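Here's final26.pdb, which has PDB, C-alpha atoms and all ligand atoms:
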```pdb
ATOM      1  CA  MET A   1     -14.854  12.786 -75.245
ATOM      2  CA  THR A   2     -17.998  10.833 -74.173
ATOM      3  CA  LEU A   3     -17.360   7.738 -72.092
ATOM      4  CA  ARG A   4     -19.324   4.761 -73.464
ATOM      5  CA  PRO A   5     -20.526   1.818 -71.392
ATOM      6  CA  ALA A   6     -18.460  -1.373 -71.807
ATOM      7  CA  ASN A   7     -18.919  -3.589 -74.912
ATOM      8  CA  HIS A   8     -20.299  -0.710 -76.982
ATOM      9  CA  ALA A   9     -23.672  -1.112 -75.265
ATOM     10  CA  ALA A  10     -26.304   1.487 -76.088
ATOM     11  CA  ALA A  11     -26.382   4.494 -73.765
ATOM     12  CA  PRO A  12     -29.726   5.482 -72.112
ATOM     13  CA  ASP A  13     -30.492   8.227 -74.676
ATOM     14  CA  GLU A  14     -29.877   5.761 -77.495
ATOM     15  CA  ILE A  15     -32.184   3.195 -75.832
ATOM     16  CA  GLN A  16     -34.878   5.894 -75.759
ATOM     17  CA  ALA A  17     -34.301   6.618 -79.460
ATOM     18  CA  ILE A  18     -34.536   2.904 -80.290
ATOM     19  CA  LEU A  19     -37.793   2.558 -78.314
ATOM     20  CA  GLU A  20     -39.204   5.622 -80.078
ATOM     21  CA  PHE A  21     -38.270   4.078 -83.439
ATOM     22  CA  VAL A  22     -40.062   0.834 -82.486
ATOM     23  CA  ARG A  23     -43.129   2.821 -81.360
ATOM     24  CA  THR A  24     -43.339   4.652 -84.683
ATOM     25  CA  ALA A  25     -42.537   1.634 -86.845
ATOM     26  CA  ARG A  26     -44.506  -1.055 -85.006
ATOM     27  CA  GLY A  27     -46.816   0.692 -82.532
ATOM     28  CA  PHE A  28     -45.110  -0.826 -79.485
ATOM     29  CA  ASP A  29     -45.728   1.752 -76.758
ATOM     30  CA  ALA A  30     -43.164   1.350 -73.967
ATOM     31  CA  ALA A  31     -45.028   3.685 -71.577
ATOM     32  CA  GLY A  32     -45.397   1.998 -68.214
ATOM     33  CA  TYR A  33     -42.968  -0.810 -68.903
ATOM     34  CA  CYS A  34     -39.945  -1.127 -66.640
ATOM     35  CA  LEU A  35     -37.173   0.680 -68.519
ATOM     36  CA  ALA A  36     -34.445  -1.525 -67.041
ATOM     37  CA  VAL A  37     -36.143  -4.651 -68.467
ATOM     38  CA  LEU A  38     -36.594  -3.062 -71.910
ATOM     39  CA  ALA A  39     -32.978  -1.837 -71.889
ATOM     40  CA  THR A  40     -31.804  -5.400 -71.183
ATOM     41  CA  CYS A  41     -33.829  -6.624 -74.190
ATOM     42  CA  VAL A  42     -32.293  -3.964 -76.446
ATOM     43  CA  GLN A  43     -28.765  -4.691 -75.188
ATOM     44  CA  SER A  44     -29.281  -8.406 -75.855
ATOM     45  CA  ARG A  45     -30.129  -7.606 -79.506
ATOM     46  CA  LEU A  46     -27.045  -5.382 -79.805
ATOM     47  CA  ALA A  47     -24.936  -8.229 -78.461
ATOM     48  CA  ALA A  48     -26.598 -10.763 -80.795
ATOM     49  CA  THR A  49     -26.017  -8.644 -83.895
ATOM     50  CA  GLY A  50     -22.499  -7.645 -82.862
ATOM     51  CA  VAL A  51     -23.396  -4.055 -83.670
ATOM     52  CA  ALA A  52     -21.928  -1.212 -81.614
ATOM     53  CA  GLY A  53     -23.886   1.636 -80.011
ATOM     54  CA  ASP A  54     -23.398   5.160 -81.398
ATOM     55  CA  GLY A  55     -26.453   4.942 -83.660
ATOM     56  CA  GLU A  56     -25.236   1.909 -85.600
ATOM     57  CA  TYR A  57     -28.017  -0.341 -84.267
ATOM     58  CA  LEU A  58     -30.625   2.326 -85.027
ATOM     59  CA  ARG A  59     -29.349   2.479 -88.614
ATOM     60  CA  LEU A  60     -29.579  -1.322 -88.810
ATOM     61  CA  LEU A  61     -33.201  -1.216 -87.627
ATOM     62  CA  ALA A  62     -34.077   1.275 -90.353
ATOM     63  CA  THR A  63     -32.769  -1.046 -93.089
ATOM     64  CA  ALA A  64     -33.359  -4.579 -91.750
ATOM     65  CA  PRO A  65     -37.041  -5.398 -91.012
ATOM     66  CA  ALA A  66     -36.033  -8.885 -89.834
ATOM     67  CA  GLU A  67     -33.963  -7.346 -87.034
ATOM     68  CA  LEU A  68     -36.881  -5.066 -86.162
ATOM     69  CA  ASP A  69     -39.064  -8.190 -85.870
ATOM     70  CA  LEU A  70     -36.514  -9.787 -83.544
ATOM     71  CA  LEU A  71     -36.293  -6.652 -81.408
ATOM     72  CA  VAL A  72     -40.094  -6.397 -81.094
ATOM     73  CA  ALA A  73     -40.218 -10.090 -80.140
ATOM     74  CA  ALA A  74     -37.549  -9.471 -77.483
ATOM     75  CA  LEU A  75     -39.369  -6.415 -76.091
ATOM     76  CA  THR A  76     -42.799  -8.068 -75.945
ATOM     77  CA  ILE A  77     -41.591 -11.001 -73.882
ATOM     78  CA  LYS A  78     -44.012 -13.861 -74.502
ATOM     79  CA  PHE A  79     -42.188 -16.805 -73.023
ATOM     80  CA  SER A  80     -44.504 -19.371 -71.464
ATOM     81  CA  SER A  81     -44.872 -23.135 -71.107
ATOM     82  CA  PHE A  82     -47.477 -25.651 -69.972
ATOM     83  CA  PHE A  83     -47.710 -25.888 -66.172
ATOM     84  CA  ARG A  84     -45.003 -23.253 -65.809
ATOM     85  CA  ASP A  85     -44.222 -23.352 -62.079
ATOM     86  CA  PRO A  86     -45.481 -26.912 -61.405
ATOM     87  CA  LEU A  87     -45.932 -26.300 -57.653
ATOM     88  CA  ALA A  88     -48.536 -23.598 -58.320
ATOM     89  CA  PHE A  89     -50.405 -25.802 -60.794
ATOM     90  CA  ASP A  90     -50.285 -28.745 -58.348
ATOM     91  CA  TYR A  91     -51.856 -26.443 -55.772
ATOM     92  CA  LEU A  92     -54.576 -25.471 -58.272
ATOM     93  CA  HIS A  93     -55.207 -29.104 -59.206
ATOM     94  CA  GLU A  94     -55.249 -30.603 -55.740
ATOM     95  CA  SER A  95     -56.530 -27.815 -53.543
ATOM     96  CA  LEU A  96     -57.851 -24.568 -55.016
ATOM     97  CA  LEU A  97     -59.899 -25.740 -58.012
ATOM     98  CA  PRO A  98     -61.619 -28.575 -56.058
ATOM     99  CA  ALA A  99     -62.471 -26.054 -53.307
ATOM    100  CA  LEU A 100     -63.797 -23.438 -55.752
ATOM    101  CA  LEU A 101     -65.787 -26.048 -57.691
ATOM    102  CA  THR A 102     -67.319 -27.354 -54.471
ATOM    103  CA  GLU A 103     -68.244 -23.810 -53.365
ATOM    104  CA  LYS A 104     -69.685 -23.039 -56.792
ATOM    105  CA  ALA A 105     -71.794 -26.202 -56.880
ATOM    106  CA  ALA A 106     -73.071 -25.538 -53.334
ATOM    107  CA  ALA A 107     -74.013 -21.956 -54.230
ATOM    108  CA  GLY A 108     -75.704 -23.140 -57.463
ATOM    109  CA  ASP A 109     -74.785 -19.890 -59.229
ATOM    110  CA  GLY A 110     -73.495 -21.090 -62.605
ATOM    111  CA  GLY A 111     -70.123 -22.230 -63.884
ATOM    112  CA  LEU A 112     -66.770 -21.273 -62.408
ATOM    113  CA  ARG A 113     -65.471 -18.181 -64.233
ATOM    114  CA  VAL A 114     -61.726 -18.192 -64.898
ATOM    115  CA  TRP A 115     -59.517 -15.626 -66.695
ATOM    116  CA  SER A 116     -55.930 -16.026 -67.843
ATOM    117  CA  ALA A 117     -54.749 -12.420 -68.352
ATOM    118  CA  GLY A 118     -51.565 -12.015 -70.425
ATOM    119  CA  CYS A 119     -51.834 -15.578 -71.743
ATOM    120  CA  ALA A 120     -49.120 -15.272 -74.452
ATOM    121  CA  HIS A 121     -49.444 -18.299 -76.772
ATOM    122  CA  GLY A 122     -52.098 -20.046 -74.674
ATOM    123  CA  GLU A 123     -50.015 -22.514 -72.646
ATOM    124  CA  GLU A 124     -51.408 -21.150 -69.359
ATOM    125  CA  PRO A 125     -55.172 -21.242 -70.144
ATOM    126  CA  TYR A 126     -54.798 -24.645 -71.806
ATOM    127  CA  SER A 127     -53.032 -25.918 -68.659
ATOM    128  CA  LEU A 128     -56.101 -24.784 -66.701
ATOM    129  CA  ALA A 129     -58.446 -26.387 -69.225
ATOM    130  CA  ILE A 130     -56.494 -29.649 -68.869
ATOM    131  CA  LEU A 131     -56.837 -29.534 -65.074
ATOM    132  CA  LEU A 132     -60.572 -28.808 -65.278
ATOM    133  CA  HIS A 133     -61.023 -31.637 -67.803
ATOM    134  CA  ASP A 134     -59.280 -33.991 -65.373
ATOM    135  CA  LEU A 135     -61.245 -32.732 -62.362
ATOM    136  CA  ALA A 136     -64.562 -33.211 -64.188
ATOM    137  CA  ARG A 137     -64.207 -36.945 -63.379
ATOM    138  CA  HIS A 138     -64.885 -36.130 -59.707
ATOM    139  CA  TYR A 139     -66.417 -32.647 -59.813
ATOM    140  CA  PRO A 140     -69.243 -32.369 -62.362
ATOM    141  CA  ALA A 141     -69.175 -28.564 -61.939
ATOM    142  CA  ALA A 142     -65.770 -28.557 -63.692
ATOM    143  CA  ALA A 143     -67.532 -29.294 -66.979
ATOM    144  CA  GLU A 144     -69.481 -26.020 -66.586
ATOM    145  CA  ALA A 145     -66.399 -23.853 -66.012
ATOM    146  CA  ILE A 146     -65.938 -20.949 -68.432
ATOM    147  CA  LEU A 147     -62.374 -20.060 -69.394
ATOM    148  CA  PHE A 148     -61.361 -16.700 -70.856
ATOM    149  CA  ALA A 149     -57.833 -15.991 -72.067
ATOM    150  CA  THR A 150     -56.558 -12.622 -73.206
ATOM    151  CA  ASP A 151     -53.406 -10.893 -74.341
ATOM    152  CA  ARG A 152     -52.768  -7.523 -75.920
ATOM    153  CA  ASP A 153     -50.950  -9.245 -78.785
ATOM    154  CA  GLU A 154     -53.286 -10.606 -81.500
ATOM    155  CA  PRO A 155     -50.557 -12.600 -83.341
ATOM    156  CA  ALA A 156     -49.817 -14.425 -80.058
ATOM    157  CA  LEU A 157     -53.525 -15.287 -79.748
ATOM    158  CA  ALA A 158     -53.631 -16.507 -83.359
ATOM    159  CA  LEU A 159     -50.877 -18.992 -82.469
ATOM    160  CA  ALA A 160     -52.737 -19.930 -79.280
ATOM    161  CA  ARG A 161     -55.877 -20.790 -81.245
ATOM    162  CA  THR A 162     -53.953 -23.367 -83.300
ATOM    163  CA  ALA A 163     -53.344 -25.272 -80.013
ATOM    164  CA  ILE A 164     -50.164 -26.787 -81.507
ATOM    165  CA  TYR A 165     -46.931 -26.682 -79.490
ATOM    166  CA  PRO A 166     -43.341 -27.886 -79.701
ATOM    167  CA  ALA A 167     -42.405 -30.746 -77.370
ATOM    168  CA  ALA A 168     -40.148 -28.421 -75.323
ATOM    169  CA  SER A 169     -43.133 -26.441 -74.000
ATOM    170  CA  LEU A 170     -44.678 -29.668 -72.613
ATOM    171  CA  ALA A 171     -41.724 -30.529 -70.348
ATOM    172  CA  ASN A 172     -43.734 -29.963 -67.127
ATOM    173  CA  VAL A 173     -46.826 -31.923 -68.203
ATOM    174  CA  ARG A 174     -47.402 -34.952 -65.971
ATOM    175  CA  HIS A 175     -47.351 -38.286 -67.758
ATOM    176  CA  GLY A 176     -51.023 -39.062 -67.039
ATOM    177  CA  LEU A 177     -52.189 -35.688 -68.341
ATOM    178  CA  LEU A 178     -49.937 -35.863 -71.411
ATOM    179  CA  ALA A 179     -51.756 -38.955 -72.634
ATOM    180  CA  THR A 180     -55.261 -37.591 -72.022
ATOM    181  CA  ALA A 181     -54.786 -34.010 -73.224
ATOM    182  CA  PHE A 182     -52.459 -34.046 -76.255
ATOM    183  CA  ALA A 183     -52.165 -35.797 -79.587
ATOM    184  CA  PRO A 184     -48.827 -35.932 -81.432
ATOM    185  CA  GLU A 185     -48.785 -33.960 -84.673
ATOM    186  CA  GLY A 186     -45.517 -34.457 -86.541
ATOM    187  CA  GLU A 187     -42.758 -33.191 -84.270
ATOM    188  CA  SER A 188     -45.312 -31.176 -82.271
ATOM    189  CA  PHE A 189     -48.299 -31.792 -79.999
ATOM    190  CA  ARG A 190     -51.883 -30.583 -80.311
ATOM    191  CA  VAL A 191     -54.175 -29.969 -77.336
ATOM    192  CA  LEU A 192     -57.194 -32.205 -77.926
ATOM    193  CA  PRO A 193     -60.109 -30.206 -79.397
ATOM    194  CA  ALA A 194     -62.483 -31.213 -76.570
ATOM    195  CA  ILE A 195     -60.117 -29.440 -74.155
ATOM    196  CA  ALA A 196     -58.822 -26.619 -76.372
ATOM    197  CA  GLY A 197     -62.391 -25.698 -77.363
ATOM    198  CA  ARG A 198     -63.093 -24.728 -73.739
ATOM    199  CA  VAL A 199     -60.882 -21.623 -73.932
ATOM    200  CA  ARG A 200     -62.265 -18.333 -75.315
ATOM    201  CA  PHE A 201     -59.406 -16.163 -76.576
ATOM    202  CA  SER A 202     -59.690 -12.424 -77.151
ATOM    203  CA  VAL A 203     -57.556  -9.286 -77.257
ATOM    204  CA  HIS A 204     -57.576  -7.263 -74.044
ATOM    205  CA  ASP A 205     -55.053  -4.650 -72.951
ATOM    206  CA  LEU A 206     -54.583  -4.638 -69.177
ATOM    207  CA  LEU A 207     -53.872  -0.913 -69.396
ATOM    208  CA  ASN A 208     -57.310  -0.285 -70.906
ATOM    209  CA  ARG A 209     -58.923   2.417 -68.751
ATOM    210  CA  ARG A 210     -62.425   1.814 -70.065
ATOM    211  CA  SER A 211     -62.811  -1.812 -69.073
ATOM    212  CA  ALA A 212     -61.407  -3.882 -66.211
ATOM    213  CA  ALA A 213     -62.500  -7.168 -67.788
ATOM    214  CA  PRO A 214     -62.360  -8.550 -71.345
ATOM    215  CA  ALA A 215     -65.424  -7.491 -73.395
ATOM    216  CA  GLU A 216     -65.879 -11.161 -74.338
ATOM    217  CA  SER A 217     -66.600 -11.994 -70.670
ATOM    218  CA  VAL A 218     -69.430  -9.379 -70.652
ATOM    219  CA  PHE A 219     -69.304  -8.559 -66.924
ATOM    220  CA  GLY A 220     -66.096  -9.993 -65.462
ATOM    221  CA  SER A 221     -66.916 -11.313 -61.979
ATOM    222  CA  PHE A 222     -64.213 -13.965 -62.088
ATOM    223  CA  ASP A 223     -63.796 -16.658 -59.463
ATOM    224  CA  LEU A 224     -60.148 -17.080 -60.452
ATOM    225  CA  ILE A 225     -57.766 -14.834 -62.377
ATOM    226  CA  LEU A 226     -54.271 -15.872 -63.407
ATOM    227  CA  CYS A 227     -52.056 -12.905 -64.217
ATOM    228  CA  ARG A 228     -48.646 -14.468 -64.122
ATOM    229  CA  ASN A 229     -45.311 -13.031 -65.178
ATOM    230  CA  VAL A 230     -46.923  -9.850 -66.473
ATOM    231  CA  LEU A 231     -46.711  -7.378 -63.561
ATOM    232  CA  ILE A 232     -42.914  -7.758 -63.360
ATOM    233  CA  TYR A 233     -42.532  -5.926 -66.668
ATOM    234  CA  PHE A 234     -44.293  -2.771 -65.439
ATOM    235  CA  GLU A 235     -43.299   0.267 -63.399
ATOM    236  CA  PRO A 236     -44.874   0.314 -59.886
ATOM    237  CA  SER A 237     -47.645   2.839 -60.702
ATOM    238  CA  TYR A 238     -48.727   0.747 -63.699
ATOM    239  CA  GLN A 239     -48.564  -2.440 -61.604
ATOM    240  CA  SER A 240     -50.940  -0.741 -59.196
ATOM    241  CA  PHE A 241     -53.299   0.260 -62.003
ATOM    242  CA  ILE A 242     -53.384  -3.330 -63.317
ATOM    243  CA  CYS A 243     -54.030  -4.629 -59.781
ATOM    244  CA  GLU A 244     -56.953  -2.200 -59.472
ATOM    245  CA  GLN A 245     -58.415  -3.526 -62.732
ATOM    246  CA  LEU A 246     -57.926  -7.160 -61.683
ATOM    247  CA  TYR A 247     -59.465  -6.436 -58.286
ATOM    248  CA  ARG A 248     -62.508  -4.938 -59.988
ATOM    249  CA  ALA A 249     -62.797  -7.967 -62.274
ATOM    250  CA  LEU A 250     -62.723 -10.442 -59.373
ATOM    251  CA  ALA A 251     -65.968 -11.708 -57.865
ATOM    252  CA  ALA A 252     -66.316 -11.404 -54.089
ATOM    253  CA  GLY A 253     -64.259 -14.266 -52.654
ATOM    254  CA  GLY A 254     -62.448 -14.638 -56.013
ATOM    255  CA  CYS A 255     -58.755 -15.578 -56.226
ATOM    256  CA  LEU A 256     -55.813 -14.013 -58.036
ATOM    257  CA  LEU A 257     -52.691 -16.015 -58.884
ATOM    258  CA  LEU A 258     -49.490 -14.154 -59.792
ATOM    259  CA  GLY A 259     -46.185 -15.541 -61.073
ATOM    260  CA  ARG A 260     -43.652 -17.270 -58.820
ATOM    261  CA  THR A 261     -41.409 -14.216 -58.412
ATOM    262  CA  GLU A 262     -44.240 -11.663 -58.215
ATOM    263  CA  THR A 263     -45.919 -10.098 -55.204
ATOM    264  CA  LEU A 264     -48.723  -7.563 -54.931
ATOM    265  CA  PRO A 265     -47.728  -3.906 -54.613
ATOM    266  CA  SER A 266     -48.142  -2.997 -50.917
ATOM    267  CA  PRO A 267     -51.577  -1.270 -50.867
ATOM    268  CA  TRP A 268     -53.024  -4.344 -52.535
ATOM    269  CA  SER A 269     -51.683  -6.782 -49.981
ATOM    270  CA  ARG A 270     -54.135  -5.174 -47.549
ATOM    271  CA  ARG A 271     -57.094  -5.643 -49.899
ATOM    272  CA  LEU A 272     -56.311  -9.163 -51.096
ATOM    273  CA  ARG A 273     -55.365 -11.781 -48.504
ATOM    274  CA  ARG A 274     -52.465 -14.139 -49.272
ATOM    275  CA  VAL A 275     -53.824 -17.687 -49.189
ATOM    276  CA  THR A 276     -50.743 -19.917 -49.159
ATOM    277  CA  ASP A 277     -46.953 -19.798 -49.027
ATOM    278  CA  CYS A 278     -46.536 -22.255 -51.884
ATOM    279  CA  CYS A 279     -47.554 -19.796 -54.607
ATOM    280  CA  ALA A 280     -48.519 -16.114 -54.991
ATOM    281  CA  LEU A 281     -52.241 -16.733 -54.521
ATOM    282  CA  TYR A 282     -54.494 -14.002 -53.097
ATOM    283  CA  ARG A 283     -58.188 -13.923 -52.245
ATOM    284  CA  LYS A 284     -60.648 -11.054 -52.296
ATOM    285  CA  SER A 285     -62.810 -10.735 -49.226
ATOM    286  CA  GLU A 286     -66.235 -12.411 -49.250
ATOM    287  CA  ARG A 287     -67.432  -9.373 -47.302
ATOM    288  CA  THR A 288     -67.156  -7.293 -50.476
ATOM    289  CA  ARG A 289     -70.244  -9.082 -51.774
ATOM    290  CA  ALA A 290     -72.405  -7.864 -48.889
ATOM    291  CA  VAL A 291     -70.907  -4.373 -48.976
ATOM    292  CA  THR A 292     -71.360  -3.908 -52.737
ATOM    293  CA  GLU A 293     -74.862  -5.395 -52.696
ATOM    294  CA  ASN A 294     -75.880  -2.969 -49.938
ATOM    295  CA  ALA A 295     -74.232  -0.108 -51.775
ATOM    296  CA  GLY A 296     -75.974  -1.032 -55.030
ATOM    297  CA  GLY A 297     -72.805  -2.105 -56.891
ATOM    298  CA  GLY A 298     -69.286  -0.727 -57.406
ATOM    299  CA  VAL A 299     -66.104  -1.996 -55.869
ATOM    300  CA  THR A 300     -65.566  -1.419 -52.158
ATOM    301  CA  PRO A 301     -62.137  -2.372 -50.753
TER
HETATM  302  C1  LIG B   1     -44.021 -13.482 -70.148
HETATM  303  S1  LIG B   1     -45.596 -13.604 -70.857
HETATM  304  C2  LIG B   1     -46.458 -14.507 -69.573
HETATM  305  C3  LIG B   1     -47.296 -15.628 -70.137
HETATM  306  C4  LIG B   1     -48.010 -16.470 -69.089
HETATM  307  N1  LIG B   1     -48.906 -15.672 -68.292
HETATM  308  C5  LIG B   1     -47.015 -17.186 -68.224
HETATM  309  O1  LIG B   1     -46.850 -16.835 -67.056
HETATM  310  O2  LIG B   1     -46.377 -18.122 -68.710
HETATM  311  C6  LIG B   1     -46.246 -11.943 -70.671
HETATM  312  C7  LIG B   1     -47.447 -11.702 -71.546
HETATM  313  O3  LIG B   1     -48.068 -10.492 -71.114
HETATM  314  C8  LIG B   1     -48.562  -9.856 -72.272
HETATM  315  N2  LIG B   1     -48.768  -8.424 -71.982
HETATM  316  C9  LIG B   1     -47.829  -7.475 -71.793
HETATM  317  N3  LIG B   1     -48.400  -6.275 -71.609
HETATM  318  C10 LIG B   1     -49.741  -6.481 -71.662
HETATM  319  C11 LIG B   1     -50.864  -5.619 -71.546
HETATM  320  N4  LIG B   1     -50.730  -4.311 -71.341
HETATM  321  N5  LIG B   1     -52.101  -6.166 -71.662
HETATM  322  C12 LIG B   1     -52.252  -7.496 -71.871
HETATM  323  N6  LIG B   1     -51.236  -8.353 -72.000
HETATM  324  C13 LIG B   1     -49.970  -7.853 -71.901
HETATM  325  C14 LIG B   1     -47.474 -10.080 -73.313
HETATM  326  O4  LIG B   1     -47.976  -9.890 -74.632
HETATM  327  C15 LIG B   1     -47.080 -11.518 -73.010
HETATM  328  O5  LIG B   1     -47.803 -12.416 -73.795
END
```
Show how you would write the structure in this file as structure tokens.
Ligand SMILES: C[S@@+](CC[C@H](N)C(=O)[O-])C[C@H]1O[C@@H](n2cnc3c(N)ncnc32)[C@H](O)[C@@H]1O
Amino acid sequence: MTLRPANHAAAPDEIQAILEFVRTARGFDAAGYCLAVLATCVQSRLAATGVAGDGEYLRLLATAPAELDLLVAALTIKFSSFFRDPLAFDYLHESLLPALLTEKAAAGDGGLRVWSAGCAHGEEPYSLAILLHDLARHYPAAAEAILFATDRDEPALALARTAIYPAASLANVRHGLLATAFAPEGESFRVLPAIAGRVRFSVHDLLNRRSAAPAESVFGSFDLILCRNVLIYFEPSYQSFICEQLYRALAAGGCLLLGRTETLPSPWSRRLRRVTDCCALYRKSERTRAVTENAGGGVTP
């Protein structure tokens, strides 16, 4: 007799079979993702449907496309909200962005280049666009900033481009910014076109070996990259690969902001210096500029 986990949860071999089914049916490739996180997503769907393990859930998936949709949505976690982690966004608003804009204006080398990597439905890059719009009152260079936002999921980007959100996702928006950045639209809110139009959305897979930066950005060289609540879903070796790509995409002296519960895998904490305790913000050495210029290009840690 085989002992089953409590509550008829799916056993590990059944989880693997379910993930293989999703890969074949919907092209979701689980390679590199943290198996424990994916297993939790699958178990939550089993619990929600009330279906037992022993192949019953797999049979349900084969006959109920709506359940397959729900499982794919659960596996490709896309939760986000405006100003998610308000402390980090306060730090960006009051300290980091003013400093970067001042440096950029002093250097006279074009607009600030910002990338939101793994942007889900766009709440994160629009939060940045709102901050830059506000800062443009005091820092003219903010109006020149260029904002790229990418995700591997095109349907998520299609929603992002509509710039329309339910009220619940605006819970962290400060009163002053709410009035200047959004217009009510029925029960929902729309990011004002003058702000939304600043963000350039495109598909980019962070596991893409051929390119460290989105093709849309042409050459990367970002002054600020936000890659928040993405690394946590990956196995350590894949986290390291993504960090390598992000490092390559950063300009010398550029900053990387991770999610509140994320930290850099250890080799990277030697190459990117932690800037503050109030959020997971790291900075690439300015020295890299001199080293790479002398070496004729390429990334030198
Ligand atoms: C939990 S959301 C985070 C959204 C936002 N950054 C935030 O912190 O609120 C994770 C996002 O990462 C995206 N993602 C997962 N794997 C990816 C990959 N290999 N390349 C690009 N984006 C990926 C997912 O599609 C999802 O939209």
Just how far from CA of Ala181 in chain A is CA of Pro166 in chain A, in Å to one decimal? 14.5 Å
Per residue of range 139-221 of chain A within 12 Å of range 95-117 of chain A, which atom pair is closest and at what distance in Å (one decimal), using all atoms listed in the file, listed by chain and increasing number, as CSV?
```
residue,atom,partner,partner_atom,distance
A:Tyr139,CA,A:Leu101,CA,7.0
A:Pro140,CA,A:Leu101,CA,8.6
A:Ala141,CA,A:Leu101,CA,6.0
A:Ala142,CA,A:Leu101,CA,6.5
A:Ala143,CA,A:Gly111,CA,8.1
A:Glu144,CA,A:Gly111,CA,4.7
A:Ala145,CA,A:Leu112,CA,4.4
A:Ile146,CA,A:Arg113,CA,5.1
A:Leu147,CA,A:Val114,CA,4.9
A:Phe148,CA,A:Trp115,CA,4.7
A:Ala149,CA,A:Ser116,CA,4.6
A:Thr150,CA,A:Ala117,CA,5.2
A:Asp151,CA,A:Ala117,CA,6.3
A:Arg152,CA,A:Ala117,CA,9.2
A:Asp153,CA,A:Ala117,CA,11.5
A:Leu157,CA,A:Ala117,CA,11.8
A:Arg198,CA,A:Val114,CA,11.1
A:Val199,CA,A:Trp115,CA,9.5
A:Arg200,CA,A:Trp115,CA,9.4
A:Phe201,CA,A:Ser116,CA,9.4
A:Ser202,CA,A:Ala117,CA,10.1
A:Val203,CA,A:Ala117,CA,9.8
A:His204,CA,A:Ala117,CA,8.2
A:Asp205,CA,A:Ala117,CA,9.0
A:Leu206,CA,A:Ala117,CA,7.8
A:Leu207,CA,A:Ala117,CA,11.6
A:Ala212,CA,A:Ala117,CA,11.0
A:Ala213,CA,A:Trp115,CA,9.0
A:Pro214,CA,A:Trp115,CA,8.9
A:Glu216,CA,A:Trp115,CA,10.9
A:Ser217,CA,A:Trp115,CA,8.9
A:Val218,CA,A:Arg113,CA,11.6
A:Phe219,CA,A:Arg113,CA,10.7
A:Gly220,CA,A:Arg113,CA,8.3
A:Ser221,CA,A:Arg113,CA,7.4
```
Could you pull out the residues sitting within 10 Å of ligand LIG 1 (chain B), using all atoms listed in the file, and write them as a ChimeraX atom specification? /A:29-33,73,75-85,116-125,149-157,203-208,226-234,238,242,258-260
Find the distance between CA of Val72 in chain A and CA of Ala168 in chain A and write it in Å to one decimal. 22.8 Å
Let me make sure I understand: among A:Gly253, A:Gly176, A:Asp69, A:Leu192, which one has the smallest atom-to-atom distance to Phe28 in chain A if we use only C-alpha atoms?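 The answer is A:Asp69, which sits nearest to Phe28 in chain A.
The residue that comes closest to Ala280 in chain A, out of A:Ala36, A:Leu68, A:Ala88, A:Ile130 and on the basis of all atoms listed in the file, is A:Ala88.
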Name the residues that the PyMOL selection byres (((chain A and resi 51-56) around 10) and not hetatm) pulls out of this structure, and write them as a PyMOL selection string. chain A and resi 4-5+7-11+14-15+17-18+43+45-50+57-61
Nearest to Leu38 in chain A by atom-to-atom distance, counting all atoms listed in the file, from A:Glu235, A:Glu67, A:Asp277, A:His93: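 Smallest distance to Leu38 in chain A is found for A:Glu235.
Put simply, CA of Phe89 in chain A is 11.5 Å away from CA of Leu132 in chain A.
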Counting only C-alpha atoms, which residue out of A:Thr180, A:Asn172, A:Thr263, A:Ser44 sits closest to Asp90 in chain A?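 Between A:Thr180, A:Asn172, A:Thr263, A:Ser44, the residue approaching Asp90 in chain A most closely is A:Asn172.
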Selection under test: the PyMOL selection byres (((chain A and resi 285) around 8) and not hetatm); residues as a PyMOL selection string: chain A and resi 252-254+271-273+283-284+286-288
Nearest candidate to Ile225 in chain A (options A:Leu128, A:Ala160, A:Ile195, A:Leu135; using only C-alpha atoms): A:Leu128
Please, what is the axis-aligned box for every listed atom of range 105-113 of chain A with 5 Å on each side, as centre and edge lengths in Å to one decimal, as AutoDock Vina command-line options?
```
--center_x -70.6 --center_y -22.2 --center_z -58.8 --size_x 20.2 --size_y 18.0 --size_z 20.9
```
I need the residue nearest Leu131 in chain A from this list: A:Asp223, A:Glu185, A:Glu94, A:Glu20. Use only C-alpha atoms for the distance. A:Glu94
Which residues match the PyMOL selection byres (((chain A and resi 240) around 10) and not hetatm) in the file above, as a ChimeraX atom specification? /A:231,234-239,241-246,264-268
